[in-house]
Structures are given as structure tokens and as C-alpha cells.
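Shown here: coords22.pdb, PDB, C-alpha atoms (C1' of nucleotides).
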ATOM      1  CA  MET A   1     101.967  45.687-150.296
ATOM      2  CA  LEU A   2     103.080  42.353-148.912
ATOM      3  CA  SER A   3     105.344  40.536-151.362
ATOM      4  CA  LYS A   4     104.586  36.981-152.440
ATOM      5  CA  LYS A   5     107.919  36.032-150.979
ATOM      6  CA  THR A   6     106.749  36.999-147.506
ATOM      7  CA  LYS A   7     103.315  35.530-148.008
ATOM      8  CA  TYR A   8     104.711  32.190-149.169
ATOM      9  CA  GLY A   9     107.320  32.225-146.437
ATOM     10  CA  ILE A  10     104.703  32.653-143.731
ATOM     11  CA  LYS A  11     102.547  29.933-145.235
ATOM     12  CA  ALA A  12     105.461  27.535-145.331
ATOM     13  CA  LEU A  13     106.398  28.328-141.747
ATOM     14  CA  VAL A  14     102.838  27.750-140.622
ATOM     15  CA  TYR A  15     102.844  24.466-142.489
ATOM     16  CA  LEU A  16     105.977  23.395-140.663
ATOM     17  CA  ALA A  17     104.616  24.601-137.344
ATOM     18  CA  LYS A  18     101.569  22.404-137.800
ATOM     19  CA  GLN A  19     103.653  19.237-138.130
ATOM     20  CA  GLU A  20     103.439  16.956-135.126
ATOM     21  CA  GLU A  21     107.129  16.244-135.034
ATOM     22  CA  ARG A  22     110.116  18.337-136.014
ATOM     23  CA  ILE A  23     111.244  16.049-138.801
ATOM     24  CA  PRO A  24     112.425  17.380-142.186
ATOM     25  CA  VAL A  25     109.710  18.180-144.715
ATOM     26  CA  GLN A  26     110.652  18.396-148.372
ATOM     27  CA  ILE A  27     110.166  21.576-150.360
ATOM     28  CA  SER A  28     108.068  19.696-152.905
ATOM     29  CA  VAL A  29     105.608  18.631-150.247
ATOM     30  CA  ILE A  30     105.077  22.149-148.966
ATOM     31  CA  SER A  31     104.945  23.665-152.430
ATOM     32  CA  LYS A  32     102.243  21.245-153.516
ATOM     33  CA  SER A  33     100.197  21.679-150.381
ATOM     34  CA  GLU A  34     100.339  25.462-150.456
ATOM     35  CA  ASN A  35     100.265  25.981-154.238
ATOM     36  CA  ILE A  36     103.619  27.677-154.379
ATOM     37  CA  SER A  37     106.142  27.443-157.196
ATOM     38  CA  GLN A  38     108.726  24.961-155.963
ATOM     39  CA  LYS A  39     111.800  26.816-157.175
ATOM     40  CA  PHE A  40     110.602  30.088-155.710
ATOM     41  CA  LEU A  41     109.801  28.441-152.395
ATOM     42  CA  GLU A  42     113.247  26.875-152.421
ATOM     43  CA  SER A  43     114.901  30.293-152.405
ATOM     44  CA  ILE A  44     112.609  31.519-149.653
ATOM     45  CA  LEU A  45     113.278  28.573-147.362
ATOM     46  CA  LEU A  46     116.956  29.008-148.016
ATOM     47  CA  THR A  47     116.956  32.536-146.650
ATOM     48  CA  LEU A  48     114.932  31.397-143.660
ATOM     49  CA  ARG A  49     117.550  28.774-142.991
ATOM     50  CA  LYS A  50     120.454  31.132-143.467
ATOM     51  CA  ASN A  51     118.910  33.376-140.864
ATOM     52  CA  GLY A  52     118.366  30.868-138.136
ATOM     53  CA  ILE A  53     114.648  30.232-138.472
ATOM     54  CA  LEU A  54     114.855  26.893-140.206
ATOM     55  CA  GLY A  55     117.183  23.951-140.163
ATOM     56  CA  SER A  56     117.697  21.659-143.119
ATOM     57  CA  LYS A  57     118.922  18.252-144.049
ATOM     58  CA  LYS A  58     120.202  17.198-147.446
ATOM     59  CA  GLY A  59     119.737  13.989-149.373
ATOM     60  CA  LYS A  60     117.115  11.324-149.037
ATOM     61  CA  GLY A  61     114.753  11.968-146.187
ATOM     62  CA  GLY A  62     115.972  15.539-146.141
ATOM     63  CA  GLY A  63     114.024  18.763-146.014
ATOM     64  CA  TYR A  64     113.360  21.732-143.768
ATOM     65  CA  TYR A  65     112.241  21.956-140.158
ATOM     66  CA  LEU A  66     111.746  24.626-137.532
ATOM     67  CA  LEU A  67     114.714  25.284-135.282
ATOM     68  CA  LYS A  68     112.610  26.712-132.473
ATOM     69  CA  GLU A  69     109.185  26.212-131.045
ATOM     70  CA  PRO A  70     106.490  28.128-132.948
ATOM     71  CA  LYS A  71     105.667  30.129-129.834
ATOM     72  CA  ASP A  72     109.240  31.401-129.821
ATOM     73  CA  ILE A  73     109.120  32.771-133.359
ATOM     74  CA  PRO A  74     107.581  36.243-133.388
ATOM     75  CA  MET A  75     106.294  37.653-136.630
ATOM     76  CA  THR A  76     108.621  40.637-136.309
ATOM     77  CA  ALA A  77     111.525  38.326-137.094
ATOM     78  CA  VAL A  78     109.828  36.760-140.087
ATOM     79  CA  MET A  79     108.609  40.066-141.489
ATOM     80  CA  ARG A  80     111.969  41.796-141.174
ATOM     81  CA  LEU A  81     113.723  38.894-142.822
ATOM     82  CA  LEU A  82     111.430  38.434-145.754
ATOM     83  CA  GLU A  83     109.711  41.776-146.199
ATOM     84  CA  GLY A  84     112.282  44.152-144.803
ATOM     85  CA  PRO A  85     111.248  47.169-142.730
ATOM     86  CA  ILE A  86     107.977  47.052-140.843
ATOM     87  CA  ALA A  87     107.663  50.824-141.072
ATOM     88  CA  MET A  88     106.120  52.312-144.181
ATOM     89  CA  ILE A  89     108.876  54.888-144.460
ATOM     90  CA  PRO A  90     112.571  54.574-143.524
ATOM     91  CA  CYS A  91     112.604  57.681-141.307
ATOM     92  CA  VAL A  92     110.421  55.901-138.718
ATOM     93  CA  SER A  93     112.058  52.499-139.012
ATOM     94  CA  LEU A  94     113.779  50.950-136.005
ATOM     95  CA  ASN A  95     115.896  48.436-137.866
ATOM     96  CA  PHE A  96     116.226  50.080-141.260
ATOM     97  CA  TYR A  97     116.387  53.765-140.356
ATOM     98  CA  GLU A  98     117.275  56.292-143.035
ATOM     99  CA  LYS A  99     116.895  60.032-143.173
ATOM    100  CA  CYS A 100     114.680  61.540-145.860
ATOM    101  CA  ASP A 101     116.497  63.662-148.436
ATOM    102  CA  ASP A 102     113.764  66.238-148.665
ATOM    103  CA  CYS A 103     113.011  66.636-144.980
ATOM    104  CA  PRO A 104     114.984  69.197-142.960
ATOM    105  CA  ASP A 105     113.311  68.389-139.648
ATOM    106  CA  GLU A 106     111.796  65.019-138.889
ATOM    107  CA  ASN A 107     110.026  66.242-135.783
ATOM    108  CA  ALA A 108     108.165  68.832-137.809
ATOM    109  CA  CYS A 109     107.203  66.393-140.554
ATOM    110  CA  ALA A 110     103.565  65.389-140.800
ATOM    111  CA  VAL A 111     104.336  62.231-142.720
ATOM    112  CA  ASN A 112     106.799  61.183-140.059
ATOM    113  CA  LYS A 113     104.239  61.805-137.338
ATOM    114  CA  LEU A 114     101.545  59.791-139.067
ATOM    115  CA  MET A 115     103.724  56.905-140.109
ATOM    116  CA  LEU A 116     105.229  56.643-136.660
ATOM    117  CA  LYS A 117     101.777  55.993-135.278
ATOM    118  CA  VAL A 118     101.123  53.349-137.917
ATOM    119  CA  ARG A 119     104.439  51.675-137.253
ATOM    120  CA  ASP A 120     103.839  51.566-133.504
ATOM    121  CA  ASN A 121     100.558  49.799-133.991
ATOM    122  CA  THR A 122     101.776  47.373-136.609
ATOM    123  CA  LEU A 123     104.856  46.567-134.600
ATOM    124  CA  LYS A 124     102.743  45.801-131.570
ATOM    125  CA  ILE A 125     100.785  43.258-133.567
ATOM    126  CA  PHE A 126     103.814  41.551-135.056
ATOM    127  CA  ARG A 127     105.540  41.454-131.687
ATOM    128  CA  ASN A 128     102.572  39.885-129.995
ATOM    129  CA  THR A 129     101.918  37.340-132.709
ATOM    130  CA  THR A 130     104.015  34.215-132.929
ATOM    131  CA  LEU A 131     103.986  31.349-135.374
ATOM    132  CA  ALA A 132     102.066  29.401-132.769
ATOM    133  CA  ASP A 133      99.250  31.952-132.864
ATOM    134  CA  LEU A 134      99.000  31.576-136.608
ATOM    135  CA  SER A 135      98.989  27.802-136.692
ATOM    136  CA  ASN A 136      96.024  27.202-134.431
TER     137      ASN A 136
ATOM    138  CA  MET B   1     106.628  50.991-148.443
ATOM    139  CA  LEU B   2     105.054  54.383-148.822
ATOM    140  CA  SER B   3     105.648  55.773-152.312
ATOM    141  CA  LYS B   4     107.163  59.207-152.786
ATOM    142  CA  LYS B   5     103.997  60.140-154.581
ATOM    143  CA  THR B   6     101.968  59.653-151.423
ATOM    144  CA  LYS B   7     104.603  61.240-149.232
ATOM    145  CA  TYR B   8     104.822  64.328-151.410
ATOM    146  CA  GLY B   9     101.062  64.467-151.754
ATOM    147  CA  ILE B  10     100.556  64.505-148.005
ATOM    148  CA  LYS B  11     103.235  67.145-147.558
ATOM    149  CA  ALA B  12     101.624  69.355-150.162
ATOM    150  CA  LEU B  13      98.201  68.939-148.600
ATOM    151  CA  VAL B  14      99.571  69.829-145.189
ATOM    152  CA  TYR B  15     101.212  72.877-146.720
ATOM    153  CA  LEU B  16      97.895  73.984-148.180
ATOM    154  CA  ALA B  17      96.086  73.253-144.928
ATOM    155  CA  LYS B  18      98.466  75.527-143.096
ATOM    156  CA  GLN B  19      97.612  78.530-145.269
ATOM    157  CA  GLU B  20      95.538  81.151-143.539
ATOM    158  CA  GLU B  21      93.210  81.667-146.453
ATOM    159  CA  ARG B  22      91.986  79.310-149.137
ATOM    160  CA  ILE B  23      93.569  81.163-152.002
ATOM    161  CA  PRO B  24      95.423  79.397-154.831
ATOM    162  CA  VAL B  25      99.023  78.453-154.170
ATOM    163  CA  GLN B  26     101.293  77.784-157.107
ATOM    164  CA  ILE B  27     102.964  74.429-157.611
ATOM    165  CA  SER B  28     106.365  76.102-157.747
ATOM    166  CA  VAL B  29     105.879  77.615-154.300
ATOM    167  CA  ILE B  30     104.998  74.284-152.714
ATOM    168  CA  SER B  31     107.704  72.394-154.571
ATOM    169  CA  LYS B  32     110.369  74.814-153.399
ATOM    170  CA  SER B  33     109.167  74.862-149.821
ATOM    171  CA  GLU B  34     108.940  71.080-149.553
ATOM    172  CA  ASN B  35     111.893  70.139-151.761
ATOM    173  CA  ILE B  36     109.828  68.256-154.272
ATOM    174  CA  SER B  37     110.482  68.039-158.012
ATOM    175  CA  GLN B  38     108.039  70.495-159.545
ATOM    176  CA  LYS B  39     106.974  68.354-162.453
ATOM    177  CA  PHE B  40     106.391  65.345-160.254
ATOM    178  CA  LEU B  41     104.385  67.388-157.796
ATOM    179  CA  GLU B  42     102.369  68.755-160.665
ATOM    180  CA  SER B  43     101.126  65.287-161.565
ATOM    181  CA  ILE B  44     100.325  64.520-157.944
ATOM    182  CA  LEU B  45      98.290  67.666-157.398
ATOM    183  CA  LEU B  46      96.492  66.942-160.625
ATOM    184  CA  THR B  47      95.218  63.599-159.390
ATOM    185  CA  LEU B  48      94.215  65.187-156.092
ATOM    186  CA  ARG B  49      92.217  67.740-158.034
ATOM    187  CA  LYS B  50      90.638  65.169-160.318
ATOM    188  CA  ASN B  51      89.433  63.342-157.262
ATOM    189  CA  GLY B  52      87.786  66.150-155.435
ATOM    190  CA  ILE B  53      90.387  66.958-152.802
ATOM    191  CA  LEU B  54      91.817  70.069-154.411
ATOM    192  CA  GLY B  55      90.483  72.873-156.559
ATOM    193  CA  SER B  56      92.624  74.756-159.043
ATOM    194  CA  LYS B  57      92.793  77.940-160.976
ATOM    195  CA  LYS B  58      94.705  78.497-164.175
ATOM    196  CA  GLY B  59      96.680  81.473-165.381
ATOM    197  CA  LYS B  60      98.265  84.287-163.458
ATOM    198  CA  GLY B  61      97.461  84.140-159.783
ATOM    199  CA  GLY B  62      96.428  80.539-160.284
ATOM    200  CA  GLY B  63      97.345  77.487-158.270
ATOM    201  CA  TYR B  64      95.821  74.857-156.038
ATOM    202  CA  TYR B  65      93.694  75.102-152.919
ATOM    203  CA  LEU B  66      91.794  72.792-150.608
ATOM    204  CA  LEU B  67      88.159  72.233-151.468
ATOM    205  CA  LYS B  68      87.186  71.270-147.928
ATOM    206  CA  GLU B  69      88.234  72.135-144.433
ATOM    207  CA  PRO B  70      91.284  70.150-143.276
ATOM    208  CA  LYS B  71      89.250  68.567-140.482
ATOM    209  CA  ASP B  72      86.949  67.108-143.129
ATOM    210  CA  ILE B  73      89.691  65.355-145.062
ATOM    211  CA  PRO B  74      90.484  61.987-143.484
ATOM    212  CA  MET B  75      93.745  60.280-144.318
ATOM    213  CA  THR B  76      91.874  57.247-145.580
ATOM    214  CA  ALA B  77      90.808  59.281-148.597
ATOM    215  CA  VAL B  78      94.291  60.582-149.299
ATOM    216  CA  MET B  79      95.952  57.211-148.842
ATOM    217  CA  ARG B  80      93.520  55.350-151.058
ATOM    218  CA  LEU B  81      93.868  57.931-153.773
ATOM    219  CA  LEU B  82      97.620  58.170-153.843
ATOM    220  CA  GLU B  83      98.849  54.908-152.389
ATOM    221  CA  GLY B  84      96.030  52.549-153.259
ATOM    222  CA  PRO B  85      94.877  49.864-150.832
ATOM    223  CA  ILE B  86      95.454  50.384-147.123
ATOM    224  CA  ALA B  87      95.606  46.634-146.579
ATOM    225  CA  MET B  88      98.918  44.881-147.125
ATOM    226  CA  ILE B  89      97.272  42.134-149.144
ATOM    227  CA  PRO B  90      94.262  42.350-151.481
ATOM    228  CA  CYS B  91      92.332  39.532-149.778
ATOM    229  CA  VAL B  92      91.779  41.719-146.705
ATOM    230  CA  SER B  93      91.181  44.970-148.548
ATOM    231  CA  LEU B  94      87.852  46.748-148.220
ATOM    232  CA  ASN B  95      88.124  48.921-151.305
ATOM    233  CA  PHE B  96      90.470  46.869-153.463
ATOM    234  CA  TYR B  97      89.453  43.315-152.613
ATOM    235  CA  GLU B  98      90.852  40.446-154.660
ATOM    236  CA  LYS B  99      90.995  36.742-154.001
ATOM    237  CA  CYS B 100      94.389  35.062-153.768
ATOM    238  CA  ASP B 101      95.134  32.547-156.512
ATOM    239  CA  ASP B 102      96.878  30.118-154.233
ATOM    240  CA  CYS B 103      94.466  30.198-151.327
ATOM    241  CA  PRO B 104      91.523  27.763-151.327
ATOM    242  CA  ASP B 105      90.023  29.041-148.073
ATOM    243  CA  GLU B 106      90.553  32.558-146.813
ATOM    244  CA  ASN B 107      89.165  31.811-143.391
ATOM    245  CA  ALA B 108      91.773  29.121-142.883
ATOM    246  CA  CYS B 109      94.642  31.276-144.105
ATOM    247  CA  ALA B 110      97.160  32.449-141.528
ATOM    248  CA  VAL B 111      98.357  35.327-143.677
ATOM    249  CA  ASN B 112      94.795  36.538-144.080
ATOM    250  CA  LYS B 113      94.239  36.360-140.342
ATOM    251  CA  LEU B 114      97.372  38.312-139.536
ATOM    252  CA  MET B 115      96.988  40.942-142.222
ATOM    253  CA  LEU B 116      93.375  41.515-141.290
ATOM    254  CA  LYS B 117      94.488  42.514-137.829
ATOM    255  CA  VAL B 118      97.097  44.865-139.251
ATOM    256  CA  ARG B 119      94.611  46.420-141.625
ATOM    257  CA  ASP B 120      92.060  46.991-138.862
ATOM    258  CA  ASN B 121      94.590  48.885-136.805
ATOM    259  CA  THR B 122      96.003  50.916-139.651
ATOM    260  CA  LEU B 123      92.554  51.760-140.901
ATOM    261  CA  LYS B 124      91.555  53.001-137.486
ATOM    262  CA  ILE B 125      94.477  55.400-137.472
ATOM    263  CA  PHE B 126      93.848  56.755-140.951
ATOM    264  CA  ARG B 127      90.149  57.143-140.236
ATOM    265  CA  ASN B 128      90.767  59.058-137.064
ATOM    266  CA  THR B 129      93.439  61.300-138.513
ATOM    267  CA  THR B 130      92.478  64.264-140.651
ATOM    268  CA  LEU B 131      94.565  66.804-142.445
ATOM    269  CA  ALA B 132      93.836  69.156-139.574
ATOM    270  CA  ASP B 133      95.518  66.765-137.145
ATOM    271  CA  LEU B 134      98.630  66.721-139.302
ATOM    272  CA  SER B 135      98.914  70.456-139.766
ATOM    273  CA  ASN B 136      99.010  71.457-136.129
TER     274      ASN B 136
ATOM    275  C1'  DG C   1     130.995   2.739-154.132
ATOM    276  C1'  DC C   2     127.329   4.254-156.720
ATOM    277  C1'  DA C   3     122.771   5.710-157.771
ATOM    278  C1'  DT C   4     119.222   8.396-156.012
ATOM    279  C1'  DT C   5     117.320  12.038-153.613
ATOM    280  C1'  DA C   6     117.438  16.021-151.664
ATOM    281  C1'  DT C   7     119.204  20.832-150.584
ATOM    282  C1'  DC C   8     122.620  24.593-151.984
ATOM    283  C1'  DC C   9     124.033  28.283-154.803
ATOM    284  C1'  DT C  10     124.620  31.630-158.544
ATOM    285  C1'  DA C  11     122.715  33.738-162.455
ATOM    286  C1'  DG C  12     119.525  35.400-165.344
ATOM    287  C1'  DT C  13     115.096  37.371-167.030
ATOM    288  C1'  DA C  14     110.411  39.174-168.341
ATOM    289  C1'  DA C  15     107.162  42.200-166.575
ATOM    290  C1'  DA C  16     105.653  45.716-163.688
ATOM    291  C1'  DT C  17     106.236  49.774-160.970
ATOM    292  C1'  DC C  18     108.478  54.017-159.570
ATOM    293  C1'  DG C  19     110.100  58.479-159.882
ATOM    294  C1'  DA C  20     110.510  61.340-162.505
ATOM    295  C1'  DT C  21     111.010  64.426-167.240
ATOM    296  C1'  DA C  22     109.536  66.626-171.791
ATOM    297  C1'  DG C  23     106.876  69.394-174.343
ATOM    298  C1'  DG C  24     103.269  71.610-175.672
ATOM    299  C1'  DA C  25      97.954  72.908-175.299
ATOM    300  C1'  DA C  26      94.581  75.506-172.779
ATOM    301  C1'  DT C  27      93.209  79.105-169.796
ATOM    302  C1'  DT C  28      93.425  83.360-167.159
ATOM    303  C1'  DG C  29      94.742  88.145-165.772
ATOM    304  C1'  DA C  30      96.904  92.455-166.738
TER     305       DA C  30
ATOM    306  C1'  DT D   1      98.495  90.384-176.798
ATOM    307  C1'  DC D   2     101.631  88.495-173.526
ATOM    308  C1'  DA D   3     103.086  86.305-169.598
ATOM    309  C1'  DA D   4     101.953  83.066-166.123
ATOM    310  C1'  DT D   5      99.993  79.207-164.818
ATOM    311  C1'  DT D   6      97.622  74.665-164.915
ATOM    312  C1'  DC D   7      96.375  70.650-168.024
ATOM    313  C1'  DC D   8      97.501  66.593-170.442
ATOM    314  C1'  DT D   9      99.893  62.843-172.768
ATOM    315  C1'  DA D  10     103.780  60.376-173.537
ATOM    316  C1'  DT D  11     108.118  58.602-172.524
ATOM    317  C1'  DC D  12     112.086  56.754-170.011
ATOM    318  C1'  DG D  13     115.778  54.800-167.025
ATOM    319  C1'  DA D  14     116.267  52.391-162.833
ATOM    320  C1'  DT D  15     114.686  49.248-159.616
ATOM    321  C1'  DT D  16     112.016  45.571-157.838
ATOM    322  C1'  DT D  17     109.339  41.417-158.211
ATOM    323  C1'  DA D  18     108.402  36.811-159.115
ATOM    324  C1'  DC D  19     110.109  33.648-160.847
ATOM    325  C1'  DT D  20     113.292  30.002-163.771
ATOM    326  C1'  DA D  21     117.660  27.402-165.148
ATOM    327  C1'  DG D  22     121.178  24.596-164.245
ATOM    328  C1'  DG D  23     124.385  22.561-162.005
ATOM    329  C1'  DA D  24     127.212  21.720-157.335
ATOM    330  C1'  DT D  25     127.051  19.463-153.033
ATOM    331  C1'  DA D  26     125.761  16.331-149.554
ATOM    332  C1'  DA D  27     123.281  12.378-147.419
ATOM    333  C1'  DT D  28     121.123   7.878-147.715
ATOM    334  C1'  DG D  29     120.523   3.177-148.786
ATOM    335  C1'  DC D  30     121.511  -0.678-151.429
TER     336       DC D  30
END

Would you write the structure of this file as C-alpha cells?
Amino acid sequence: MLSKKTKYGIKALVYLAKQEERIPVQISVISKSENISQKFLESILLTLRKNGILGSKKGKGGGYYLLKEPKDIPMTAVMRLLEGPIAMIPCVSLNFYEKCDDCPDENACAVNKLMLKVRDNTLKIFRNTTLADLSN
Amino acid sequence: MLSKKTKYGIKALVYLAKQEERIPVQISVISKSENISQKFLESILLTLRKNGILGSKKGKGGGYYLLKEPKDIPMTAVMRLLEGPIAMIPCVSLNFYEKCDDCPDENACAVNKLMLKVRDNTLKIFRNTTLADLSN
DNA sequence: GCATTATCCTAGTAAATCGATAGGAATTGA
DNA sequence: TCAATTCCTATCGATTTACTAGGATAATGC
């Protein structure tokens, strides 16, 4: 299940991508437009900034803005930041790999086999979708 | 993230599918073979039985067995039973649809658009994969 | 400089979900 | 009757989720 954090984060990014110019947009503006709790959105934008997706400016006329062009922001980056692993199970994750306690042999595991297929497909979608694709 | 419930459920089903004959297998046998807590597995097999995937027999020589041939059990059924929705967000779910509170127009929603694509792909995999495919 | 307007940062918290566990009732076979 | 097994309900600690609170910090404009 996609968390609200990720959902709101994507919506905010799309909102920023749709702006004509890359000038700072205040949290309050985005939160009102997208019906997101302002304080919650604040924490989400903060992590996006800390991880190089957004830039920010403090004080009057401040706010958040995209650091790159929307076409250069793949959804893999956004998903991994906000949601965590793209795989449904750690033993098939590229970036968050972990061995299963109960499983003696991954190659013989049916769950591994199935979830690997799912991950491959999902990954392909997120890799081939950028913020630009979502904001048209 | 795939829950342990689903993971264990799939493993148990694969174990049963691999049996030569459709005779009852005890919970304790499966739990030992697959390294699953017996009590937890018990509750999982119970829901699989209550939903027409497994049959059971009580008393000595009792246990659980598949009610259908592995090739006739698609992963969609198993996933929906144990994990719930296949979609990552309710607004693109076929069997567990729910409208988003914050979203005035689904068709204009970027998250909806993206997650619909993911669901389509994942669904295709689960539909085309049966228990038989996993137990070879 | 000082007030205002914003982000920055750390904590906390209520509710839900997860991953079990406990304990006994019901049923079956020998 | 007894032992083996599933059936069923209830509970529980830990973790995660979706926020909220409250102030620190920085930039702007007068």
C-alpha cells in the first residue's frame, strides 16, 4: 500500500513541475491546492530537499522549487526516497536487499521467484516515468 | 511490502502443491519444513480453508490439502485473500475500490495515472501465474 | 534594526496494523 | 476412551503511520 507521505509527495512535486517558472512556492499554497495537511506536507518537502530533489528559500518570498527539470526526475528516485523499497519483499530488492530469516535458498523460493517478476515490471515503469510524464 | 502472512501462505500452498497425492498434511509438518511459527501458520491456513482454497480434516491423520489442482489456483486469488488489494492505492483497485478524500478528480490525478499502470502490470503477472507455475 | 514571513528541526502521540501467542473446544481415528 | 489434530476467539507487544506542537533559524522589506 502506498503511504500518504508518498502520495502527497508526488502530488506536490507534480504541482511544482507544472509551474511555469522555477520560483519558490510556499508550502501553504501547495497544501491548500492539493488538500494536504500543511504540517505533514512540510515534513515531506523537507526530506525531498534534504535528498537533492527540491531546493528551498527561507523568509518572505520563500518556498520550495525543483532543482532539476521534471524530465530528469525519474519516479524511481521519488519512490525510493519516500516509500522505500520498490520490491514487495527485501530479498528481491536492489537498493534495500535483505535475506529472509526463514529461507535457506533464495533460488528455490517460490515467493522470491514471483516477487522478482513483479519487481522487474514495476521497476521498469518507475524508471521510464519521469515527473514530466506525470505533469502533462 | 508483502506481509509475512502472505509470504507464509504462499509457501505453504506451494508445499501442498508439491505433494504427490492430495492427502492431508499436518500444520506441524509444513511449519517445520518452511520455518514458520506453527500457531501463526495455523491461522493462515484457516483463512485459506474458509475461502475455498484448502480443505481440511480434523483428528488423527488430519491436516490440510488443496481443493483444486495447482494450475487452477491463480495468484490473484491468493494475494487478494491474504494480502488484500493488488493495487498500491485504493482509487485504482478493482476489488477494493475507494475514492481518495483529497482528490477532486481521479482522471486528473498523477498518482492515479501512475499507480494504474503499476496495477495493470502486476495484475497481469498474478493472473498469469498459478500455483503450478510456482511449484515447478 | 526590527517586524514579518517563511522554512528548519526535534519531539511527541493516537490509532492502526503486524506478527505472533494462549488456551481451550470440537472432531476424528484407533 | 484417549490421543491427535483442527477450530476458534481473544489478547498482546512492537512497529508504523499520519499527523501535530512548538519553537529555532534565516531572509526580506520597511

Next item on the list: On this file, the PyMOL selection byres ((chain B) within 12 of (chain C)) gives some set of residues; write that set as a VMD selection string.
Entry: chain B and resid 1 to 6 8 36 to 44 56 to 63

Checklist line | Residues of chain A within 6 Å of chain B, counting all atoms listed in the file, as a PyMOL selection string | finding: chain A and resi 1-2+35+88-89+102+110+118+122+134

Please identify every residue of chain D that has at least one atom no farther than 12 Å from an atom of chain B, counting only C-alpha atoms (C1' of nucleotides), and for each give the shortest atom pair and the distance in Å to one decimal, arranged by chain then increasing number, as CSV.
residue,atom,partner,partner_atom,distance
D:DC2,C1',B:Lys60,CA,11.4
D:DA3,C1',B:Lys60,CA,8.1
D:DA4,C1',B:Lys60,CA,4.7
D:DT5,C1',B:Gly59,CA,4.1
D:DT6,C1',B:Lys58,CA,4.9
D:DC7,C1',B:Leu46,CA,8.3
D:DC8,C1',B:Ser43,CA,9.7
D:DT9,C1',B:Ser43,CA,11.5

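Atom CA of Tyr97 of chain B is found 28.4 Å from atom CA of Lys68 of chain B.
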
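The interatomic distance for the pair atom CA of Ile53 of chain B and atom CA of Ser28 of chain B works out to 19.1 Å.
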
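Rounded to one decimal, atom CA of Val78 of chain B and atom CA of Lys32 of chain B lie 21.9 Å from each other.
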
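Using all atoms listed in the file for every distance, the candidate list A:Thr47, A:Leu66, A:Gly55, A:Asp72 yields A:Leu66 as the residue closest to Glu21 of chain A.
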